[in-house]
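Shown here: coords-v4.cif, mmCIF, C-alpha atoms.
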```
data_coords
#
loop_
_atom_site.label_atom_id
_atom_site.label_comp_id
_atom_site.auth_asym_id
_atom_site.auth_seq_id
_atom_site.Cartn_x
_atom_site.Cartn_y
_atom_site.Cartn_z
CA MET A 1 0.00 0.00 0.00
CA GLU A 2 1.13 3.53 -0.74
CA PHE A 3 0.45 6.54 1.43
CA LEU A 4 0.06 9.75 -0.56
CA ARG A 5 0.29 13.07 1.26
CA PRO A 6 -0.43 16.00 -1.06
CA VAL A 7 -0.22 19.44 0.51
CA THR A 8 -2.02 21.44 -2.18
CA TRP A 9 -5.28 20.80 -4.00
CA ALA A 10 -3.44 20.72 -7.34
CA ASP A 11 -1.10 18.03 -5.98
CA ALA A 12 -4.07 16.06 -4.66
CA LEU A 13 -5.73 16.10 -8.09
CA GLU A 14 -2.45 15.09 -9.71
CA ALA A 15 -2.05 12.20 -7.25
CA LYS A 16 -5.60 10.99 -7.95
CA HIS A 17 -4.91 11.27 -11.69
CA GLU A 18 -1.74 9.20 -11.43
CA THR A 19 -3.21 6.67 -9.00
CA PRO A 20 -6.96 6.46 -9.61
CA ALA A 21 -7.18 3.45 -7.28
CA ALA A 22 -6.02 5.61 -4.35
CA LEU A 23 -8.71 5.84 -1.70
CA PRO A 24 -9.13 9.38 -0.37
CA VAL A 25 -9.13 9.59 3.42
CA GLN A 26 -10.27 12.63 5.32
CA GLY A 27 -11.36 11.99 8.93
CA GLY A 28 -10.97 8.24 8.52
CA THR A 29 -14.21 7.47 10.31
CA ASP A 30 -15.38 5.22 7.45
CA VAL A 31 -12.17 4.38 5.60
CA MET A 32 -10.17 3.29 8.64
CA VAL A 33 -12.95 1.01 9.87
CA GLU A 34 -12.81 -0.84 6.56
CA ILE A 35 -9.03 -1.10 6.74
CA ASN A 36 -8.99 -2.13 10.40
CA PHE A 37 -11.45 -4.92 9.65
CA ASP A 38 -9.64 -5.99 6.50
CA VAL A 39 -12.66 -5.48 4.25
CA ARG A 40 -10.72 -3.08 2.04
CA ARG A 41 -7.08 -2.99 0.92
CA PRO A 42 -6.74 -0.03 -1.43
CA ALA A 43 -3.58 0.25 -3.52
CA ALA A 44 -2.99 3.60 -1.85
CA LEU A 45 -4.42 5.93 0.73
CA LEU A 46 -4.70 9.55 -0.35
CA ASP A 47 -4.56 11.65 2.82
CA LEU A 48 -6.41 14.93 2.28
CA ASN A 49 -5.92 16.32 5.81
CA ARG A 50 -3.03 18.48 4.68
CA VAL A 51 -4.91 20.23 1.90
CA ARG A 52 -5.84 23.37 3.78
CA GLU A 53 -8.41 24.80 1.40
CA LEU A 54 -10.59 21.71 1.89
CA ALA A 55 -11.02 22.64 5.55
CA GLU A 56 -12.38 26.10 4.76
CA TRP A 57 -15.84 27.45 4.01
CA ASP A 58 -16.94 30.79 2.68
CA GLU A 59 -20.00 32.71 1.61
CA ALA A 60 -20.21 34.72 -1.59
CA ASP A 61 -23.08 36.02 -3.74
CA GLY A 62 -25.64 34.37 -1.54
CA ARG A 63 -24.10 30.92 -1.77
CA MET A 64 -22.20 28.91 0.81
CA ARG A 65 -19.22 26.87 -0.32
CA ILE A 66 -18.25 24.29 2.27
CA GLY A 67 -14.90 22.57 1.78
CA ALA A 68 -15.08 18.79 1.65
CA GLY A 69 -12.83 18.51 4.71
CA VAL A 70 -14.87 20.69 7.08
CA PRO A 71 -15.68 18.37 10.00
CA TYR A 72 -19.16 18.03 11.48
CA ALA A 73 -18.03 19.74 14.70
CA ARG A 74 -17.31 22.91 12.74
CA VAL A 75 -20.55 22.70 10.75
CA ILE A 76 -22.33 22.67 14.11
CA GLY A 77 -20.22 25.41 15.67
CA GLU A 78 -19.79 27.75 12.72
CA LEU A 79 -22.67 27.15 10.31
CA GLY A 80 -25.63 26.44 12.58
CA ASP A 81 -27.21 29.84 11.91
CA ARG A 82 -26.88 29.69 8.12
CA LEU A 83 -27.48 25.99 7.59
CA PRO A 84 -29.58 24.77 10.53
CA GLY A 85 -30.73 21.57 8.80
CA LEU A 86 -27.20 20.45 8.01
CA ALA A 87 -26.05 21.45 11.50
CA GLN A 88 -28.85 19.45 13.14
CA ALA A 89 -27.95 16.42 11.05
CA SER A 90 -24.26 16.88 11.89
CA ARG A 91 -25.12 16.92 15.56
CA THR A 92 -26.56 13.40 15.31
CA VAL A 93 -23.39 11.94 13.78
CA GLY A 94 -21.53 9.47 15.99
CA SER A 95 -19.93 11.02 19.06
CA PRO A 96 -17.87 14.16 19.73
CA GLN A 97 -14.71 12.31 18.69
CA ILE A 98 -16.32 11.24 15.41
CA ARG A 99 -17.74 14.71 14.75
CA ASN A 100 -14.27 16.20 15.30
CA ARG A 101 -12.93 14.13 12.41
CA GLY A 102 -15.77 13.08 10.14
CA SER A 103 -16.53 15.49 7.28
CA ILE A 104 -19.25 16.33 4.79
CA GLY A 105 -16.91 15.35 1.96
CA GLY A 106 -16.31 11.98 3.57
CA ASN A 107 -20.04 11.41 3.89
CA LEU A 108 -20.42 12.15 0.18
CA GLY A 109 -17.45 10.00 -0.77
CA ALA A 110 -18.78 7.01 1.17
CA ALA A 111 -22.29 7.66 -0.24
CA SER A 112 -23.94 5.39 2.29
CA PRO A 113 -27.73 5.64 2.03
CA ALA A 114 -27.66 6.20 5.81
CA GLY A 115 -25.23 9.14 5.71
CA ASP A 116 -26.65 11.90 7.89
CA ALA A 117 -25.56 14.86 5.74
CA HIS A 118 -27.43 13.68 2.64
CA PRO A 119 -31.07 14.52 3.52
CA PRO A 120 -30.39 18.18 4.41
CA LEU A 121 -28.18 18.56 1.33
CA LEU A 122 -31.04 17.28 -0.83
CA ALA A 123 -33.62 19.47 0.94
CA GLY A 124 -31.35 22.50 0.48
CA ASP A 125 -30.70 21.94 -3.27
CA ALA A 126 -26.98 21.41 -2.68
CA VAL A 127 -24.57 21.03 -5.57
CA ILE A 128 -21.39 19.00 -5.23
CA GLU A 129 -18.21 20.48 -6.74
CA VAL A 130 -15.86 17.77 -7.95
CA GLU A 131 -12.65 18.14 -9.90
CA SER A 132 -10.09 16.20 -11.87
CA ALA A 133 -6.65 17.23 -13.08
CA GLU A 134 -7.56 16.40 -16.65
CA ARG A 135 -11.11 17.71 -17.09
CA GLY A 136 -11.41 20.38 -14.42
CA VAL A 137 -14.47 21.15 -12.33
CA ARG A 138 -17.88 19.45 -12.57
CA MET A 139 -20.87 20.71 -10.60
CA ILE A 140 -23.18 17.81 -9.74
CA PRO A 141 -26.58 18.47 -8.14
CA ALA A 142 -27.06 16.35 -5.02
CA THR A 143 -30.07 14.74 -6.71
CA GLU A 144 -27.74 13.31 -9.35
CA PHE A 145 -24.82 12.52 -7.08
CA TYR A 146 -26.06 9.35 -5.37
CA LEU A 147 -26.17 6.45 -7.83
CA GLY A 148 -26.60 3.38 -5.63
CA VAL A 149 -25.72 1.84 -2.29
CA LYS A 150 -22.32 3.36 -1.50
CA ARG A 151 -21.95 4.50 -5.11
CA ASN A 152 -21.69 8.10 -6.24
CA ALA A 153 -21.18 9.99 -9.47
CA LEU A 154 -17.42 10.49 -9.05
CA GLU A 155 -15.11 9.36 -11.83
CA PRO A 156 -12.01 7.43 -10.68
CA ASP A 157 -9.74 10.44 -11.16
CA GLU A 158 -12.06 12.95 -9.46
CA LEU A 159 -12.04 14.30 -5.92
CA ILE A 160 -14.76 16.13 -4.02
CA ARG A 161 -13.76 19.75 -3.54
CA ALA A 162 -16.79 21.33 -1.84
CA VAL A 163 -20.52 21.49 -1.37
CA TRP A 164 -22.48 24.53 -2.56
CA THR A 165 -25.77 25.44 -1.01
CA ALA A 166 -27.74 28.58 -0.25
CA PRO A 167 -27.95 29.79 3.35
CA ALA A 168 -31.34 28.93 4.79
CA SER A 169 -34.07 31.31 3.61
CA GLY A 170 -36.60 29.66 5.94
CA PRO A 171 -36.82 27.14 8.77
CA GLN A 172 -35.09 23.78 8.35
CA TYR A 173 -35.37 20.60 10.38
CA PHE A 174 -33.73 17.19 10.47
CA SER A 175 -35.05 14.14 12.26
CA LYS A 176 -33.53 10.70 12.68
CA ILE A 177 -34.56 7.39 14.19
CA GLY A 178 -32.06 5.36 16.18
CA THR A 179 -31.75 3.34 19.34
CA ARG A 180 -30.15 6.14 21.33
CA ASN A 181 -29.04 9.74 20.95
CA ALA A 182 -25.43 8.96 20.05
CA MET A 183 -23.38 6.52 18.00
CA VAL A 184 -26.35 5.65 15.88
CA ILE A 185 -26.50 4.83 12.20
CA ALA A 186 -29.89 6.08 11.06
CA VAL A 187 -32.69 3.56 10.90
CA CYS A 188 -34.21 6.23 8.73
CA SER A 189 -34.00 10.01 8.62
CA PHE A 190 -35.76 12.98 7.11
CA ALA A 191 -34.92 16.60 6.38
CA VAL A 192 -37.23 19.44 5.45
CA ALA A 193 -36.36 22.97 4.31
CA LEU A 194 -38.82 25.78 3.62
CA HIS A 195 -37.90 28.08 0.75
CA PRO A 196 -40.49 30.84 1.33
CA GLU A 197 -39.20 33.17 -1.39
CA GLU A 198 -39.81 30.44 -3.95
CA ARG A 199 -42.94 29.20 -2.16
CA ARG A 200 -41.41 25.77 -2.13
CA VAL A 201 -40.58 22.98 0.33
CA GLY A 202 -37.47 20.81 -0.05
CA THR A 203 -37.14 17.32 1.38
CA GLY A 204 -34.55 14.60 1.85
CA VAL A 205 -35.17 10.99 2.83
CA GLY A 206 -32.29 9.02 4.35
CA SER A 207 -31.67 5.33 4.93
CA ALA A 208 -34.92 4.24 3.32
CA ALA A 209 -33.91 3.47 -0.28
CA PRO A 210 -30.72 2.41 -2.13
CA THR A 211 -29.76 6.08 -2.18
CA PRO A 212 -30.78 9.19 -0.27
CA ARG A 213 -33.58 10.79 -2.27
CA ARG A 214 -36.09 13.60 -2.35
CA ALA A 215 -39.79 13.03 -1.87
CA THR A 216 -40.78 14.97 -4.97
CA ALA A 217 -44.53 14.32 -4.92
CA ALA A 218 -44.67 15.34 -1.26
CA GLU A 219 -42.77 18.55 -2.07
CA GLU A 220 -45.13 19.46 -4.89
CA PHE A 221 -48.23 18.71 -2.85
CA ILE A 222 -47.26 20.72 0.21
CA SER A 223 -45.73 23.63 -1.74
CA HIS A 224 -49.18 24.23 -3.29
CA GLU A 225 -51.03 23.53 -0.07
CA LEU A 226 -49.24 25.97 2.24
CA ASP A 227 -50.65 29.46 2.75
CA TRP A 228 -47.44 31.33 1.85
CA ASP A 229 -49.10 34.78 1.72
CA GLY A 230 -51.25 34.67 4.83
CA ARG A 231 -49.03 32.25 6.74
CA GLY A 232 -52.18 30.56 7.96
CA PRO A 233 -51.99 27.40 10.04
CA LEU A 234 -51.03 24.06 8.52
CA SER A 235 -54.08 21.82 8.45
CA GLU A 236 -53.79 18.44 10.10
CA SER A 237 -54.99 16.71 6.98
CA ALA A 238 -52.36 18.42 4.80
CA ALA A 239 -49.59 17.51 7.25
CA ARG A 240 -50.81 13.92 7.30
CA ARG A 241 -51.01 13.76 3.50
CA PHE A 242 -47.47 15.15 3.30
CA GLY A 243 -46.32 12.35 5.61
CA GLU A 244 -48.07 9.75 3.47
CA LEU A 245 -46.43 11.04 0.30
CA VAL A 246 -43.00 10.99 1.95
CA ARG A 247 -43.69 7.42 3.04
CA GLU A 248 -44.59 6.50 -0.54
CA ALA A 249 -41.36 8.03 -1.82
CA ALA A 250 -39.30 5.57 0.22
CA ALA A 251 -38.23 2.11 -0.92
CA PRO A 252 -36.82 0.64 2.28
CA ILE A 253 -35.64 -2.88 3.04
CA ASP A 254 -35.71 -5.06 6.15
CA ASP A 255 -32.28 -5.15 7.76
CA VAL A 256 -30.58 -5.41 11.14
CA ARG A 257 -31.54 -1.86 12.08
CA GLY A 258 -35.24 -2.06 11.30
CA THR A 259 -37.96 -3.40 9.04
CA ALA A 260 -39.19 -1.76 5.89
CA GLY A 261 -42.61 -1.34 7.45
CA TYR A 262 -41.21 0.41 10.49
CA ARG A 263 -39.15 2.74 8.32
CA ARG A 264 -42.16 3.70 6.22
CA HIS A 265 -44.22 4.41 9.31
CA ALA A 266 -41.43 6.38 11.01
CA LEU A 267 -40.84 8.47 7.88
CA ALA A 268 -44.50 9.51 7.73
CA VAL A 269 -44.34 10.56 11.38
CA MET A 270 -41.02 12.43 11.03
CA ALA A 271 -42.20 14.19 7.87
CA ARG A 272 -45.42 15.36 9.51
CA ARG A 273 -43.63 16.54 12.66
CA THR A 274 -40.70 18.32 11.03
CA LEU A 275 -42.99 20.08 8.56
CA THR A 276 -45.20 21.22 11.45
CA TRP A 277 -42.20 22.53 13.39
CA ALA A 278 -40.86 24.33 10.32
CA TRP A 279 -44.20 25.90 9.38
CA ASN A 280 -44.89 26.98 12.96
CA ASP A 281 -41.46 28.65 13.07
CA HIS A 282 -42.22 30.38 9.80
CA ARG A 283 -45.52 31.69 11.18
CA ALA A 284 -43.90 32.79 14.46
CA GLU A 285 -41.29 34.71 12.50
CA ARG A 286 -43.98 36.92 11.00
CA ARG A 287 -45.58 37.52 14.40
CA GLU A 288 -42.20 38.58 15.78
CA ALA A 289 -41.61 40.86 12.84
CA SER A 290 -44.99 42.61 13.08
CA MET B 1 7.14 4.36 5.85
CA ARG B 2 8.56 6.82 8.35
CA VAL B 3 6.34 9.00 10.54
CA ASN B 4 7.55 12.08 12.41
CA VAL B 5 5.18 13.03 15.17
CA THR B 6 5.24 14.92 18.45
CA VAL B 7 3.79 12.75 21.21
CA ASN B 8 3.26 14.18 24.68
CA GLY B 9 5.65 17.02 23.89
CA SER B 10 8.44 14.83 22.59
CA GLU B 11 9.44 14.76 18.89
CA GLU B 12 9.56 11.18 17.71
CA THR B 13 10.50 9.39 14.52
CA VAL B 14 8.90 6.02 13.90
CA ASP B 15 10.09 3.70 11.13
CA ASP B 16 8.56 0.72 9.34
CA VAL B 17 5.02 1.96 9.82
CA TRP B 18 2.59 0.11 7.56
CA GLU B 19 0.64 2.54 5.34
CA GLY B 20 -2.74 1.20 6.42
CA GLU B 21 -1.90 1.20 10.10
CA SER B 22 -3.81 3.27 12.64
CA LEU B 23 -2.33 5.88 14.94
CA LEU B 24 -3.52 3.66 17.80
CA TYR B 25 -1.43 0.72 16.60
CA MET B 26 1.61 2.93 16.14
CA LEU B 27 1.28 4.37 19.64
CA ARG B 28 0.74 1.03 21.34
CA GLU B 29 2.89 -1.35 19.36
CA ARG B 30 5.71 0.82 18.05
CA MET B 31 6.05 3.61 20.59
CA GLY B 32 5.50 1.78 23.88
CA LEU B 33 2.45 3.83 24.82
CA PRO B 34 -0.24 1.27 25.71
CA GLY B 35 -2.40 3.74 27.68
CA SER B 36 -4.78 4.28 24.77
CA LYS B 37 -6.77 1.07 24.62
CA ASN B 38 -7.68 -1.03 21.61
CA ALA B 39 -11.21 -2.35 21.85
CA CYS B 40 -13.63 -1.87 18.96
CA GLU B 41 -11.36 -0.50 16.21
CA GLN B 42 -14.37 1.25 14.67
CA GLY B 43 -14.82 4.44 16.70
CA GLU B 44 -17.74 3.10 18.72
CA CYS B 45 -16.17 2.76 22.16
CA GLY B 46 -13.85 5.75 22.68
CA SER B 47 -11.23 3.69 24.55
CA CYS B 48 -8.49 4.99 22.27
CA THR B 49 -9.38 8.68 22.56
CA VAL B 50 -6.33 10.95 22.19
CA TYR B 51 -5.77 14.60 21.37
CA LEU B 52 -4.69 15.22 17.79
CA ASP B 53 -3.58 18.85 17.44
CA GLY B 54 -5.67 19.68 20.49
CA VAL B 55 -8.87 18.01 19.27
CA THR B 56 -10.01 14.65 20.60
CA ALA B 57 -10.21 11.77 18.16
CA CYS B 58 -10.41 8.00 18.17
CA ALA B 59 -6.81 7.00 17.46
CA CYS B 60 -8.05 3.78 15.82
CA LEU B 61 -9.61 5.87 13.02
CA VAL B 62 -6.62 8.08 12.33
CA ALA B 63 -4.18 6.64 9.81
CA ALA B 64 -0.71 6.71 11.35
CA GLY B 65 0.54 8.65 8.33
CA GLN B 66 -2.04 11.35 8.99
CA ALA B 67 -0.23 12.14 12.26
CA GLU B 68 2.90 13.20 10.34
CA GLY B 69 4.08 16.56 11.65
CA ARG B 70 1.23 16.81 14.11
CA GLU B 71 0.92 16.81 17.89
CA VAL B 72 -0.59 13.88 19.73
CA ARG B 73 -1.35 13.88 23.43
CA THR B 74 -2.28 10.59 25.02
CA VAL B 75 -3.46 9.71 28.51
CA GLU B 76 0.20 9.19 29.40
CA GLY B 77 0.76 12.89 28.78
CA LEU B 78 -1.84 14.26 31.18
CA ALA B 79 -0.03 13.91 34.51
CA GLU B 80 2.66 16.43 35.35
CA GLY B 81 6.13 15.67 36.65
CA GLN B 82 8.51 12.77 36.09
CA PRO B 83 7.75 9.08 36.64
CA GLY B 84 7.97 8.38 40.36
CA ASP B 85 7.12 11.97 41.18
CA GLU B 86 3.94 12.49 39.18
CA ARG B 87 1.05 14.74 39.97
CA LEU B 88 -2.08 13.30 38.48
CA ASP B 89 -4.25 15.59 36.40
CA PRO B 90 -7.35 16.65 38.39
CA VAL B 91 -9.48 14.46 36.10
CA GLN B 92 -7.35 11.41 36.85
CA GLN B 93 -7.34 12.19 40.58
CA ALA B 94 -11.12 12.57 40.57
CA PHE B 95 -11.56 9.21 38.79
CA VAL B 96 -9.49 7.58 41.55
CA GLU B 97 -11.35 9.26 44.39
CA ALA B 98 -14.84 8.85 42.98
CA GLY B 99 -14.36 5.15 42.31
CA ALA B 100 -15.02 5.75 38.62
CA VAL B 101 -12.76 2.84 37.64
CA GLN B 102 -13.67 -0.83 37.68
CA CYS B 103 -11.95 -2.98 35.08
CA GLY B 104 -10.22 0.18 33.83
CA PHE B 105 -10.26 -0.56 30.13
CA CYS B 106 -12.44 2.41 29.18
CA THR B 107 -10.77 4.74 31.69
CA PRO B 108 -7.97 6.24 29.56
CA GLY B 109 -10.40 7.27 26.84
CA LEU B 110 -12.88 8.66 29.33
CA VAL B 111 -10.15 10.60 31.12
CA VAL B 112 -8.93 12.22 27.90
CA GLN B 113 -12.45 13.03 26.70
CA ALA B 114 -13.47 14.41 30.14
CA HIS B 115 -10.23 16.42 30.23
CA ASP B 116 -11.17 18.00 26.92
CA LEU B 117 -14.70 18.75 28.10
CA ILE B 118 -13.51 20.58 31.20
CA GLU B 119 -10.91 22.52 29.22
CA ARG B 120 -13.60 23.80 26.86
CA THR B 121 -16.53 23.96 29.31
CA PRO B 122 -15.19 24.63 32.81
CA GLU B 123 -18.54 24.18 34.52
CA PRO B 124 -20.38 21.58 32.47
CA SER B 125 -24.01 20.72 33.14
CA ASP B 126 -24.97 17.07 33.52
CA ALA B 127 -26.42 17.14 30.01
CA GLU B 128 -23.13 18.50 28.66
CA ILE B 129 -21.16 15.80 30.46
CA ARG B 130 -23.41 13.07 29.05
CA GLU B 131 -23.16 14.51 25.56
CA ALA B 132 -19.37 14.84 25.75
CA LEU B 133 -18.96 11.25 26.93
CA ALA B 134 -21.58 9.76 24.60
CA GLY B 135 -18.89 8.09 22.52
CA ASN B 136 -17.10 6.43 25.45
CA LEU B 137 -18.54 3.08 26.47
CA CYS B 138 -18.12 1.59 29.94
CA ARG B 139 -19.59 -1.83 30.60
CA CYS B 140 -18.79 -1.98 34.34
CA THR B 141 -19.69 1.15 36.22
CA GLY B 142 -23.13 2.14 34.97
CA TYR B 143 -21.57 5.59 34.45
CA GLU B 144 -22.82 7.17 37.69
CA LYS B 145 -19.40 7.23 39.36
CA ILE B 146 -17.87 8.49 36.14
CA LEU B 147 -20.30 11.41 36.15
CA ASP B 148 -19.41 12.00 39.81
CA ALA B 149 -15.72 12.07 38.89
CA VAL B 150 -16.22 14.58 36.08
CA ARG B 151 -18.31 16.84 38.32
CA LEU B 152 -15.63 16.62 41.03
CA ALA B 153 -12.80 17.39 38.60
CA ALA B 154 -14.70 20.33 37.13
CA ARG B 155 -15.40 21.74 40.60
CA ARG B 156 -11.77 21.48 41.59
CA LYS B 157 -10.47 23.01 38.39
CA ALA B 158 -12.95 25.89 38.68
CA ALA B 159 -12.22 26.52 42.39
CA PRO B 160 -9.97 29.49 43.17
CA LYS B 161 -6.48 28.28 43.94
#
```
Would you put the structure from the file into structure tokens?
Amino acid sequence: MEFLRPVTWADALEAKHETPAALPVQGGTDVMVEINFDVRRPAALLDLNRVRELAEWDEADGRMRIGAGVPYARVIGELGDRLPGLAQASRTVGSPQIRNRGSIGGNLGAASPAGDAHPPLLAGDAVIEVESAERGVRMIPATEFYLGVKRNALEPDELIRAVWTAPASGPQYFSKIGTRNAMVIAVCSFAVALHPEERRVGTGVGSAAPTPRRATAAEEFISHELDWDGRGPLSESAARRFGELVREAAAPIDDVRGTAGYRRHALAVMARRTLTWAWNDHRAERREAS
Amino acid sequence: MRVNVTVNGSEETVDDVWEGESLLYMLRERMGLPGSKNACEQGECGSCTVYLDGVTACACLVAAGQAEGREVRTVEGLAEGQPGDERLDPVQQAFVEAGAVQCGFCTPGLVVQAHDLIERTPEPSDAEIREALAGNLCRCTGYEKILDAVRLAARRKAAPK
């Protein structure tokens, strides 16, 4: 095995170009488990910890660009006001030690259907910036990034540079089912984001299909249903219907963490609850403003 | 491969490190620092918690090569003074006094993680203690004495000298 230690982004891309079989490692919270348990023996490890720009985020022209190496702990500490959905999801990842090391880019690289960052990225219309030495930058919408269980849209010579997403323009919530409040891989998870300026609701369903996915029919239904102008209350029947449509968007399986039936049921409940929280926040915002 | 790393304040050079090896393995098997414990090897148990550049991490999930040029502080580096004339860190002392140790396997990780908590949050609430230690498993104590120890250590560190 080789151990590649690029210091600049250009060197990292060059290394991935020369050794496409090199496995990028950021916080190691997925990669090192596989190596420790001998389920993976990559030809090379490509350590990205040294590439400083990956650990930075910035905001320009109304868009956030979050470097692939920004760990969950910093998403929580530094981005909670701008990206509350992603911060809430980050807060449910592993333990403090895991959140200190694990990163959004690592979550995307592993592309597990249970990855906690995926639902809020989908709900927030995130775009993944990837790059190769030969062909330059590609911008891949999150909806097109996840291709299958632990498969993503990266070419062998590409690396994940950053995630682009707009700062929240309305309330966002993330909810996750697990056996306790820490060290839990999601049984299933759900994220909702209100986009009031566009009169639109975004969603993300986690751990309930081969890939994270949006609940498109649920989004369309509730975006038309909500009283965006008057900010009137959310009817119980509309919230329930939203939950049903989210449930129908899922394609879960029975596995060690839960049954398909349980996941469907839990998704409907989480969707109804998180939407209610988000809409109530949105209504309260107006009352505060007036 | 060769790894240059500062461990507990001392600059070290380690040779013949396998590229896929963890920082935990390097510390325990190549550097004679068995304080950090090897239990789950998947980040679930926290027994191998160390500081990496001042931030706590599971050493089993850090590739040894990722520690190149960086500073590691293990449980062995918490006490002050020389061997034979050591002054335990207040967290270690509190674990002893509160009876927070039974088999002791989880203790080094808990001590490092609790040390970090008190550094960042000098007067932690019970909820903050539980959250900070959520990734450190103990199968003996039922955690109550551990919580007592952390509260005791925090009180002592916060008390005027």
Q) Where does the PyMOL selection byres ((chain A) within 9 of (chain B)) land in this file, that is, which residues does it pick, as a PyMOL selection string? A) chain A and resi 1-5+25+27-37+41-42+44-45+47-50+94-101+181-183
Starting from the displayed file, determine the output of the PyMOL selection byres ((chain A and resi 191) around 8) and express the residue list as a JSON list (two decimals) with C-alpha atoms, in the coordinates of the input.
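The result, written out as expr_35.json:
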```json
[["chain", "number", "residue", "atom", "x", "y", "z"],
["A", 85, "GLY", "CA", -30.73, 21.57, 8.80],
["A", 119, "PRO", "CA", -31.07, 14.52, 3.52],
["A", 120, "PRO", "CA", -30.39, 18.18, 4.41],
["A", 123, "ALA", "CA", -33.62, 19.47, 0.94],
["A", 172, "GLN", "CA", -35.09, 23.78, 8.35],
["A", 173, "TYR", "CA", -35.37, 20.60, 10.38],
["A", 174, "PHE", "CA", -33.73, 17.19, 10.47],
["A", 175, "SER", "CA", -35.05, 14.14, 12.26],
["A", 189, "SER", "CA", -34.00, 10.01, 8.62],
["A", 190, "PHE", "CA", -35.76, 12.98, 7.11],
["A", 192, "VAL", "CA", -37.23, 19.44, 5.45],
["A", 193, "ALA", "CA", -36.36, 22.97, 4.31],
["A", 203, "THR", "CA", -37.14, 17.32, 1.38],
["A", 204, "GLY", "CA", -34.55, 14.60, 1.85],
["A", 205, "VAL", "CA", -35.17, 10.99, 2.83],
["A", 271, "ALA", "CA", -42.20, 14.19, 7.87],
["A", 274, "THR", "CA", -40.70, 18.32, 11.03]]
```
Q. Could you name the residues that touch segment 54-65 of chain A at 6 Å or less, counting all atoms listed in the file, but leaving out those on the same chain fewer than 4 positions away, as a PyMOL selection string?
A. chain A and resi 69-70+163-166
Q: Work out how far apart atom CA of Pro171 of chain A and atom CA of Ala278 of chain A are and give it in Å to one decimal.
A: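 Interatomic distance here is 5.2 Å.
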**Q.** Nearest to Ile118 of chain B, chosen from B:Val91, B:Leu27, B:Ala159, B:Val17, with only C-alpha atoms counted in the distances
**A.**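 Closest candidate: B:Val91.
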**Q.** Result set, the PyMOL selection byres ((chain B and resi 31) around 12) on current file, as a count of residues only
**A.** 30
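For the pair atom CA of Val51 of chain A and atom CA of Trp9 of chain A, the separation is 5.9 Å.
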(Q) Between atom CA of Leu46 of chain A and atom CA of Ala73 of chain A, what distance in Å does the model show, to one decimal? (A)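 Separation of atom CA of Leu46 of chain A and atom CA of Ala73 of chain A: 22.5 Å.
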Q | Nearest candidate to Val184 of chain A (options A:Val75, A:Ala10, A:Ala114, A:Ala126; using all atoms listed in the file) | A |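 Between A:Val75, A:Ala10, A:Ala114, A:Ala126, the residue approaching Val184 of chain A most closely is A:Ala114.
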Taking all atoms of segment 5-18 of chain B that the file lists, what box with edges along x, y and z, padded by 4 Å per side, do you get, with centre and edge lengths in Å to one decimal, as lines of an AutoDock Vina configuration file?
```
center_x = 6.5
center_y = 8.6
center_z = 16.1
size_x = 15.9
size_y = 24.9
size_z = 25.1
```
Q.
If we count only C-alpha atoms and set the cut-off at 8 Å, which residues sit around Glu123 of chain B, ignoring sequence neighbours fewer than 5 positions away in its own chain? Please answer as a PyMOL selection string.
A. chain B and resi 118+154-155+158
Q.
Env of Pro90 of chain B: 6 Å cut, atoms = all atoms listed in the file, seq-sep filter 3 positions within chain, self excluded. Answer as a PyMOL selection string.
A. chain B and resi 93-94+153
**Q.** Neighbour list for Leu117 of chain B as a list in words, cut-off 9 Å, all atoms listed in the file, skip fewer than 3 positions in-chain
**A.**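 My reading of the contact set: Val112, Gln113, Ala114, Arg120, Thr121, Pro122, Pro124, Glu128, Ile129, Ala132 and Leu133 of chain B.
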